[in-house]
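Written below as C-alpha cells is the structure these notes are about.
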There are 2 protein chains.
Amino acid sequence: MIEVNAPATMSDVARVAGVSTATVSRVVNGHYGVSARTIAQVRSAIEQLGYESSLVATSLRRSRTNVLGLVTHSFQSYTAEVLKGAMNALSRSGFDLIIYANSDLYGSYSEGWEKRHVTRLSGTLTDGCIVVTPWGEVQSRTPIVAIDPVRGSTAPSVTADNLAGATTAVEHLLGLGHRRIGFIAGRSSLAAAWSREEGYRAALRDAGLPIDPTLIGEGDFNPESAVPLARALLQRADPPTAIFAASDGMALKVLEVAAQLGFSVPGDLSVVGFDNIPESALTDPGLTTVDQSMYHLGYEAARMLKSLVTGEWEGPRQVVLPTGLVIRGSSAPPRGTARG
Amino acid sequence: MIEVNAPATMSDVARVAGVSTATVSRVVNGHYGVSARTIAQVRSAIEQLGYESSLVATSLRRSRTNVLGLVTHSFQSYTAEVLKGAMNALSRSGFDLIIYANSDLYGSYSEGWEKRHVTRLSGTLTDGCIVVTPWGEVQSRTPIVAIDPVRGSTAPSVTADNLAGATTAVEHLLGLGHRRIGFIAGRSSLAAAWSREEGYRAALRDAGLPIDPTLIGEGDFNPESAVPLARALLQRADPPTAIFAASDGMALKVLEVAAQLGFSVPGDLSVVGFDNIPESALTDPGLTTVDQSMYHLGYEAARMLKSLVTGEWEGPRQVVLPTGLVIRGSSAPPRGTARG
DNA sequence: CCTGGAAACGTAACCGATAACGATTGCAGT
DNA sequence: ACTGCAATCGTTATCGGTTACGTTTCCAGG
C-alpha cells in the first residue's frame with residue numbers, strides 16, 4: 001500500500017525502482033554511469049510516486065543550490081517592481097528566487113535585520129542575496145548585491161544616479177524661476193538619500209543661491225514622515241514656492257498636505273518627487289519626478305548577482321543607472337513670474 | 001585561527017564554548033537542563049562567532065519549521081498587496097514567510113507549477129503554503145490556502161464575494177440607464193472569473209435583459225488580453241455604451257483603447273472594473289470599480305494558514321470577504337439619457 | 001578460459017541541526 | 001563514605017539528499 005499522505009522521498013523512489021538512492025540521485029541529476037534500463041525504471045517510479053526533490057535536503061548537501069535570495073524589510077509598490085525585474089533577469093537561467101521576510105520585525109526597525117536574514121539563508125539555502133535598501137552594512141560568505149546601499153559601502157551594489165537626478169530636478173525648478181525651494185530628505189544612512197540631498201545642494205550652489213537649512217526637512221522615505229515636515233514648511237510666514245521631495249511617496253503626501261492647507265498646485269506651489277512610481281503618473285496634477293526604474297534596478301541586481309555566483313562577472317561592482325526627468329503638471333513657474 | 005570566511009555552524013560554537021552541539025541547541029532553543037554558567041559560555045561563543053542557525057538544517061530535522069510559504073506565478077501590483085497583508089497577519093506570530101518563485105517558468109504557463117513549488121517546499125521547508133490564483137488544484141501533505149481558487153475546489157481558500165460584487169457593478173450601470181453592456185472576462189478556470197461573469201449575467205437576467213454573447217470577450221486577467229477585445233467591442237457598428245471588465249488591469253486597458261479610438265469616458269462610454277487597485281483611483285477620470293482588498297485577502301489567508309498549521313482553526317475553511325462598489329468618474333448615464 | 005578494465009551500481013560518510021537516550025556529575029540523606 | 005535521584009551534558013541516530021569510494025558485473029582481448 002502506497003503512502004499517499006507523506007510526500008515521496010528519494011528512498012521511496014529507490015525502493016519502488018529496486019535501486020539505491022545513489023542511483024536515483026544520478027538519474028535525477030543526469031550523471032553518467034546508469035544504464036538505460038535503470039533510468040527507465042527510476043523515471044517510472046518517480047512518475048508513479050509524484051516525487052519532487054526536497055529543496056532543503058538538496059541545499060544542505062550541495063555547495064551550489066542555484067537559488068538566489070532577496071531580503072527586504074517591507075513590501076511597498078516598488079518592491080513588486082524590483083521583484084519583477086529580478087525574476088525576468090533570472091528567467092530561464094536555472095536560478096530560482098526566494099524572498100525571505102521575517103515577520104517578527106516587519107515594518108519596525110531592528111538593528112541588523114538584513115544580516116540576520118542573509119546569514120540564515122546564505123549558509124546553505126542560497127548562493128547569494130540581493131538586499132533591498134539596507135539599514136546597515138551586510139557581509140556574508142556568499143555574494144551580496146545591495147540595491148540602494150548604505151553610504152560609503154564598497155560592496156557590490158546597484159543604484160540610480162541619484163546625484164545627477166536630484167541636480168536635474170532642482171535645476172528644472174530653478175529654470176522655472178523658483179528661488180525658495182524646500183527639500184524633504186530621505187533616510188540619511190542610505191547613499192541614495194545622501195546623494196539626492198547633495199544634488200539639491202549642488203544645484204543651488206551652482207546657481208549662486210544660499211542654502212537655507214530651515215528649508216530642509218529630515219524625512220526617512222516613509223511617506224508619513226513627510227506630512228509634518230510639509231506642514232511645517234507650508235505654514236511658515238514665508239513658505240517656499242517649490243518643494244522637492246526625495247521620494248515620490250513623500251511627494252504625494254506633500255500634495256495632500258498642500259491641498260489640505262489650501263495651496264493650489266502648481267499655482268501656489270510646485271512639487272517634484274523622485275522615483276517615478278506608477279501612482280505619480282496618475283495624480284491630478286501629475287507629479288513631476290525623477291524616473292528611476294526599480295524594475296531595472298532589480299533586473300541589474302539579479303543579473304550581477306547571478307554572474308558573481310558563477311564567477312563570471314566582468315563589469316564594475318558598483319553599477320549606477322541613469323535617471324530621467326519626467327515633467328508633469330505639478331511643476332510650473334512661481335506665481336507672478338513674467339514669462340521671458 | 002578563526003575561520004572568518006565560512007559561516008559559523010553549531011559545531012563551531014560548540015568547540016569554542018567547549019560543549020557539545022546538543023548543549024548549544026538547547027541554549028539556542030531555550031530548553032531546560034543547562035546550567036547558567038554553560039549558557040553564558042555558549043552565548044558568548046555565539047556572539048563571538050556571529051552564529052545564526054541555518055534555516056535549512058533546522059527545517060530538515062524539525063517537523064515544524066515555523067515558516068510559511070507563498071507561491072505565485074508572477075508579481076503584479078496586487079501581489080505586493082497580498083504580501084503586505086500576509087506579512088502583517090504574521091507579524092510577531094513567530095512565523096516567517098518565504099516566497100518562492102521558479103524562474104524557469106516565470107510568466108509563462110506551465111501545467112502544475114503550483115504543485116511543483118509546493119511539493120519542493122512542503123516536504124521540509126514550510127509548514128504550509130498560500131497559493132495565489134492557482135491554475136489547477138493543488139494538494140500537499142501540509143496545509144494549503146488558495147487565494148482565488150479554481151472552480152469547484154473544496155480546499156481551504158480565501159476569496160472575495162465576486163458574484164455579489166459583479167452583480168452590484170452591473171446593477172450600477174443598469175441604474176444609470178445602460179442597456180448594452182459589454183463584458184471582458186477573466187481566466188475561466190478561476191472561480192473568481194466565473195463568479196464575476198455569473199454576476200454580470202445575473203444582473204442582466206434580473207433586469208429582464210437578453211444576454212448577447214457577442215458582447216462578451218474572453219480575456220484572461222492579463223491586461224494586454226483586454227486590448228484586442230476592447231478594440232473589437234468598440235469598433236462594432238453598434239458598440240456598447242458601457243464595458244464591465246473582470247479586473248482593473250483590463251479595465252485600464254479599456255480606457256486606453258477608448259481614448260485611442262476617440263471615445264470619451266464617461267460621455268461615450270462608461271467603464272467599470274473589478275479589484276480597486278491603487279492605479280484605478282488616480283486615472284482621469286477615476287475608474288469606477290468593485291473594491292476587493294487584496295491586502296485583506298492576503299491577511300486572511302495568512303491568518304487561516306497559521307491556524308491550520310497550529311491546528312486551532314475554528315472557522316469555515318472557505319472564507320468569502322465582502323466587496324464594495326467604488327463609484328468614480330468613469331461611469332455615468334449614457335449619452336441622450338433624460339435625467340429623472 | 002582467464003585476465004583487465006571500464007561501466008554500473010551500492011555503501012557509507014556527510015551537510016547542520018534536533019532529540020531520544022545514556023552517561024556523568026553533584027549534592028542531600030543515611 | 002555510600003546510595004539515590006536530579007540536574008546537566010554528551011553520544012548518536014536521523015531528516016533527505018549527494019558524492020567519494022568500493023564492489024560487482026560484463027565484455028573484449030589474449
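By convention here, the chains of the C-alpha cells are called A, B, ... in the order presented, each chain's residues are numbered starting at 1, and ligands are numbered starting at 1 in the order presented.
Of all the residues in range 98-268 of chain B, the ones DSSP labels as strand (DSSP E) from the backbone are B:Ile98, B:Ile99, B:Tyr100, B:Ala101, B:Gly128, B:Cys129, B:Ile130, B:Val131, B:Val132, B:Ile144, B:Val145, B:Ala146, B:Ile147, B:Ser157, B:Val158, B:Thr159, B:Ala160, B:Ile181, B:Gly182, B:Phe183, B:Ile184, B:Ile216, B:Gly217, B:Ala242, B:Ile243, B:Phe244, B:Ala245.
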So that I have them on file, write out the residues from the current selection with C-alpha atoms, as a compact mmCIF listing (two decimals), in the first residue's frame.
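Final output, out.txt:
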# COMPACT_ATOMS: atom_id res chain seq x y z
CA ILE B 98 9.10 32.65 2.26
CA ILE B 99 8.06 33.49 -1.25
CA TYR B 100 9.34 31.03 -3.76
CA ALA B 101 9.38 31.69 -7.46
CA GLY B 128 2.09 25.23 4.88
CA CYS B 129 1.61 27.32 1.76
CA ILE B 130 -0.53 30.11 0.37
CA VAL B 131 -1.11 29.74 -3.35
CA VAL B 132 -2.13 32.85 -5.24
CA ILE B 144 -2.66 24.92 1.73
CA VAL B 145 -4.78 28.03 1.45
CA ALA B 146 -5.67 29.26 -2.01
CA ILE B 147 -6.40 32.88 -2.83
CA SER B 157 -9.44 29.22 0.34
CA VAL B 158 -9.98 32.93 0.67
CA THR B 159 -11.78 34.88 -1.96
CA ALA B 160 -13.86 38.00 -2.38
CA ILE B 181 -23.18 46.45 -21.54
CA GLY B 182 -20.06 44.68 -22.76
CA PHE B 183 -18.10 42.29 -20.55
CA ILE B 184 -14.47 41.29 -20.62
CA ILE B 216 -18.67 39.07 -24.02
CA GLY B 217 -14.92 38.91 -24.64
CA ALA B 242 -20.67 50.56 -21.15
CA ILE B 243 -18.00 47.94 -20.57
CA PHE B 244 -17.54 45.95 -17.39
CA ALA B 245 -14.11 44.35 -17.15
Chain A residues within 6 Å of chain B, counting only C-alpha atoms: which ones, as a PDB file with N, CA and C atoms, in the first residue's frame?
ATOM      1  N   ASN A   5      -0.114  10.049   1.926  1.00  0.00           N
ATOM      2  CA  ASN A   5      -0.197  11.257   2.737  1.00  0.00           C
ATOM      3  C   ASN A   5       1.134  11.976   2.857  1.00  0.00           C
ATOM      4  N   ALA A   6       2.185  11.202   3.000  1.00  0.00           N
ATOM      5  CA  ALA A   6       3.502  11.810   3.104  1.00  0.00           C
ATOM      6  C   ALA A   6       4.098  11.995   1.710  1.00  0.00           C
ATOM      7  N   SER A  54      13.544  17.403  -2.530  1.00  0.00           N
ATOM      8  CA  SER A  54      13.376  18.406  -1.487  1.00  0.00           C
ATOM      9  C   SER A  54      14.417  19.505  -1.627  1.00  0.00           C
ATOM     10  N   LEU A  55      13.913  20.716  -1.731  1.00  0.00           N
ATOM     11  CA  LEU A  55      14.803  21.861  -1.852  1.00  0.00           C
ATOM     12  C   LEU A  55      15.756  21.923  -0.666  1.00  0.00           C
ATOM     13  N   VAL A  56      15.243  21.586   0.487  1.00  0.00           N
ATOM     14  CA  VAL A  56      16.028  21.721   1.715  1.00  0.00           C
ATOM     15  C   VAL A  56      17.162  20.713   1.772  1.00  0.00           C
ATOM     16  N   PHE A  75       7.151  45.398   2.091  1.00  0.00           N
ATOM     17  CA  PHE A  75       6.706  45.323   0.705  1.00  0.00           C
ATOM     18  C   PHE A  75       5.990  46.600   0.321  1.00  0.00           C
ATOM     19  N   ALA A  80       7.519  45.328  -5.563  1.00  0.00           N
ATOM     20  CA  ALA A  80       6.983  44.457  -6.607  1.00  0.00           C
ATOM     21  C   ALA A  80       7.721  44.683  -7.924  1.00  0.00           C
ATOM     22  N   LYS A  84       9.790  41.961 -10.033  1.00  0.00           N
ATOM     23  CA  LYS A  84       9.544  41.681 -11.448  1.00  0.00           C
ATOM     24  C   LYS A  84      10.843  41.708 -12.241  1.00  0.00           C
ATOM     25  N   LEU A  90      16.295  36.527 -14.177  1.00  0.00           N
ATOM     26  CA  LEU A  90      16.618  35.131 -13.843  1.00  0.00           C
ATOM     27  C   LEU A  90      15.858  34.137 -14.717  1.00  0.00           C
ATOM     28  N   SER A  91      14.968  34.672 -15.535  1.00  0.00           N
ATOM     29  CA  SER A  91      14.128  33.794 -16.333  1.00  0.00           C
ATOM     30  C   SER A  91      14.968  32.828 -17.159  1.00  0.00           C
ATOM     31  N   ARG A  92      14.674  31.557 -16.994  1.00  0.00           N
ATOM     32  CA  ARG A  92      15.347  30.505 -17.748  1.00  0.00           C
ATOM     33  C   ARG A  92      16.865  30.513 -17.557  1.00  0.00           C
ATOM     34  N   ASP A  96      16.585  29.932  -9.209  1.00  0.00           N
ATOM     35  CA  ASP A  96      15.299  30.291  -8.637  1.00  0.00           C
ATOM     36  C   ASP A  96      15.497  31.410  -7.635  1.00  0.00           C
ATOM     37  N   LEU A  97      14.393  32.011  -7.230  1.00  0.00           N
ATOM     38  CA  LEU A  97      14.480  33.139  -6.306  1.00  0.00           C
ATOM     39  C   LEU A  97      13.624  32.874  -5.084  1.00  0.00           C
ATOM     40  N   ILE A  98      14.194  33.148  -3.937  1.00  0.00           N
ATOM     41  CA  ILE A  98      13.445  33.054  -2.690  1.00  0.00           C
ATOM     42  C   ILE A  98      13.440  34.414  -2.022  1.00  0.00           C
ATOM     43  N   ILE A  99      12.276  34.876  -1.681  1.00  0.00           N
ATOM     44  CA  ILE A  99      12.176  36.126  -0.950  1.00  0.00           C
ATOM     45  C   ILE A  99      11.873  35.778   0.495  1.00  0.00           C
ATOM     46  N   TYR A 100      12.694  36.274   1.374  1.00  0.00           N
ATOM     47  CA  TYR A 100      12.535  35.913   2.763  1.00  0.00           C
ATOM     48  C   TYR A 100      12.234  37.156   3.580  1.00  0.00           C
ATOM     49  N   ALA A 101      11.208  37.094   4.368  1.00  0.00           N
ATOM     50  CA  ALA A 101      10.839  38.228   5.213  1.00  0.00           C
ATOM     51  C   ALA A 101      10.514  37.723   6.597  1.00  0.00           C
ATOM     52  N   ASN A 102      11.183  38.281   7.563  1.00  0.00           N
ATOM     53  CA  ASN A 102      10.981  37.882   8.953  1.00  0.00           C
ATOM     54  C   ASN A 102       9.842  38.693   9.523  1.00  0.00           C
ATOM     55  N   SER A 103       8.795  37.998   9.903  1.00  0.00           N
ATOM     56  CA  SER A 103       7.601  38.723  10.323  1.00  0.00           C
ATOM     57  C   SER A 103       7.778  39.351  11.699  1.00  0.00           C
ATOM     58  N   ASP A 104       8.743  38.895  12.446  1.00  0.00           N
ATOM     59  CA  ASP A 104       8.877  39.417  13.798  1.00  0.00           C
ATOM     60  C   ASP A 104       9.333  40.857  13.832  1.00  0.00           C
ATOM     61  N   ARG A 120      21.087  33.489   7.820  1.00  0.00           N
ATOM     62  CA  ARG A 120      20.234  32.309   7.930  1.00  0.00           C
ATOM     63  C   ARG A 120      20.076  31.602   6.595  1.00  0.00           C
ATOM     64  N   ARG A 141      29.444  35.181   3.519  1.00  0.00           N
ATOM     65  CA  ARG A 141      30.369  34.337   2.765  1.00  0.00           C
ATOM     66  C   ARG A 141      29.986  34.322   1.293  1.00  0.00           C
ATOM     67  N   GLU A 279       1.878  55.480  -9.315  1.00  0.00           N
ATOM     68  CA  GLU A 279       0.868  56.407  -8.827  1.00  0.00           C
ATOM     69  C   GLU A 279       1.160  57.845  -9.250  1.00  0.00           C
ATOM     70  N   LEU A 282      -0.521  59.379 -12.259  1.00  0.00           N
ATOM     71  CA  LEU A 282      -1.975  59.354 -12.308  1.00  0.00           C
ATOM     72  C   LEU A 282      -2.634  60.349 -11.364  1.00  0.00           C
ATOM     73  N   THR A 283      -1.841  61.087 -10.609  1.00  0.00           N
ATOM     74  CA  THR A 283      -2.450  62.099  -9.749  1.00  0.00           C
ATOM     75  C   THR A 283      -2.904  63.279 -10.594  1.00  0.00           C
TER      76      THR A 283
END
Residues near DG29 in chain D, anyone? I mean within 12 Å using only C-alpha atoms (C1' of nucleotides), not counting same-chain ones fewer than 4 positions away, as a ChimeraX atom specification. /C:2-5
Emit the selected residues as an mmCIF file, in the first residue's frame, including N, CA and C atoms (P, O5', C5', C4', C3', O3' and C1' of nucleotides).
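Generated output (part_0.cif):
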data_model
loop_
_atom_site.group_PDB
_atom_site.id
_atom_site.type_symbol
_atom_site.label_atom_id
_atom_site.label_comp_id
_atom_site.auth_asym_id
_atom_site.auth_seq_id
_atom_site.Cartn_x
_atom_site.Cartn_y
_atom_site.Cartn_z
ATOM 1 P P DC C 2 39.447 -20.548 -15.893
ATOM 2 O "O5'" DC C 2 40.462 -19.339 -16.030
ATOM 3 C "C5'" DC C 2 41.720 -19.534 -16.689
ATOM 4 C "C4'" DC C 2 42.405 -18.195 -16.856
ATOM 5 C "C3'" DC C 2 42.152 -17.219 -15.708
ATOM 6 O "O3'" DC C 2 43.359 -16.576 -15.354
ATOM 7 C "C1'" DC C 2 41.467 -16.236 -17.751
ATOM 8 P P DT C 3 43.393 -15.682 -13.987
ATOM 9 O "O5'" DT C 3 43.624 -14.230 -14.584
ATOM 10 C "C5'" DT C 3 44.618 -14.039 -15.600
ATOM 11 C "C4'" DT C 3 44.395 -12.698 -16.255
ATOM 12 C "C3'" DT C 3 44.178 -11.546 -15.267
ATOM 13 O "O3'" DT C 3 45.185 -10.570 -15.475
ATOM 14 C "C1'" DT C 3 42.538 -11.519 -17.002
ATOM 15 P P DG C 4 45.245 -9.232 -14.545
ATOM 16 O "O5'" DG C 4 44.571 -8.133 -15.469
ATOM 17 C "C5'" DG C 4 44.985 -8.017 -16.837
ATOM 18 C "C4'" DG C 4 44.281 -6.834 -17.472
ATOM 19 C "C3'" DG C 4 44.124 -5.636 -16.538
ATOM 20 O "O3'" DG C 4 44.353 -4.448 -17.279
ATOM 21 C "C1'" DG C 4 41.969 -6.429 -17.181
ATOM 22 P P DG C 5 44.516 -3.022 -16.544
ATOM 23 O "O5'" DG C 5 43.134 -2.338 -16.941
ATOM 24 C "C5'" DG C 5 42.722 -2.345 -18.302
ATOM 25 C "C4'" DG C 5 41.268 -1.944 -18.388
ATOM 26 C "C3'" DG C 5 40.890 -0.765 -17.475
ATOM 27 O "O3'" DG C 5 40.082 0.124 -18.199
ATOM 28 C "C1'" DG C 5 39.450 -2.568 -17.063
#
For chain A, work out the contacting residues on chain D at 8 Å, counting only C-alpha atoms (C1' of nucleotides), and write them as a PyMOL selection string. chain D and resi 16-18
Could you write those residues out with C-alpha atoms (C1' of nucleotides), as a short mmCIF file (atom, residue, chain, number, x, y, z; two decimals), in the first residue's frame?
data_model
loop_
_atom_site.label_atom_id
_atom_site.label_comp_id
_atom_site.auth_asym_id
_atom_site.auth_seq_id
_atom_site.Cartn_x
_atom_site.Cartn_y
_atom_site.Cartn_z
"C1'" DG D 16 16.56 13.73 2.59
"C1'" DG D 17 19.70 14.12 -0.38
"C1'" DT D 18 24.85 14.00 -2.66
#
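Among the candidates A:Gly267, A:Gly152, A:Gly249, A:Gly199, the one nearest to Gly329 in chain A when counting only C-alpha atoms is A:Gly267.
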Quick one: everything within 9 Å of range 19-22 of chain C, counting only C-alpha atoms (C1' of nucleotides), minus sequence neighbours fewer than 2 positions away in the same chain. Send it as a list in words.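 My reading of the contact set: Ala22 of chain B; DG10, DT11, DT12 and DA13 of chain D.
In this model, the gap between CA of Gly298 in chain A and CA of Gln318 in chain A comes to 13.9 Å.
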Fewer than 4 positions away in the same chain doesn't count, so skip those; otherwise give me all residues within 9 Å of Glu197 in chain A, counting only C-alpha atoms (C1' of nucleotides), as a ChimeraX atom specification. /A:162-163,166-167,183-186,192-193,201-202,246
Just to be explicit: take each residue in the selection above, keep C-alpha atoms, and write the result as a PDB file, in the first residue's frame.
ATOM      1  CA  ASN A 162      20.761  59.943  -7.550  1.00  0.00           C
ATOM      2  CA  LEU A 163      23.139  62.871  -7.568  1.00  0.00           C
ATOM      3  CA  ALA A 166      18.370  65.350  -7.998  1.00  0.00           C
ATOM      4  CA  THR A 167      20.507  68.048  -9.545  1.00  0.00           C
ATOM      5  CA  PHE A 183      13.645  69.824   0.409  1.00  0.00           C
ATOM      6  CA  ILE A 184      12.368  66.764   2.214  1.00  0.00           C
ATOM      7  CA  ALA A 185      15.178  64.311   2.707  1.00  0.00           C
ATOM      8  CA  GLY A 186      15.223  60.507   2.941  1.00  0.00           C
ATOM      9  CA  ALA A 192      20.553  57.316  -2.213  1.00  0.00           C
ATOM     10  CA  ALA A 193      19.180  59.804   0.307  1.00  0.00           C
ATOM     11  CA  ARG A 201      22.625  71.474  -2.549  1.00  0.00           C
ATOM     12  CA  ALA A 202      24.811  71.331  -5.635  1.00  0.00           C
ATOM     13  CA  ALA A 246      13.488  62.730  -2.014  1.00  0.00           C
TER      14      ALA A 246
END
Pull out every residue of chain C that has at least one atom within 6 Å of chain B, counting only C-alpha atoms (C1' of nucleotides), and report them as JSON, numbers by chain. {"C": [16, 17, 18]}
For the residues in the current selection, export C-alpha atoms (C1' of nucleotides) as a PDB file, in the first residue's frame.
ATOM      1  C1'  DG C  16      23.901  21.277  10.052  1.00  0.00           C
ATOM      2  C1'  DA C  17      20.771  20.790  13.331  1.00  0.00           C
ATOM      3  C1'  DT C  18      17.492  18.179  16.703  1.00  0.00           C
TER       4       DT C  18
END
Quick one: pick out all helix (DSSP H, G or I) residues within range 227-337 of chain A from a backbone DSSP run and write them as number ranges by chain. A: 227-234, 248-260, 278-281, 294-310
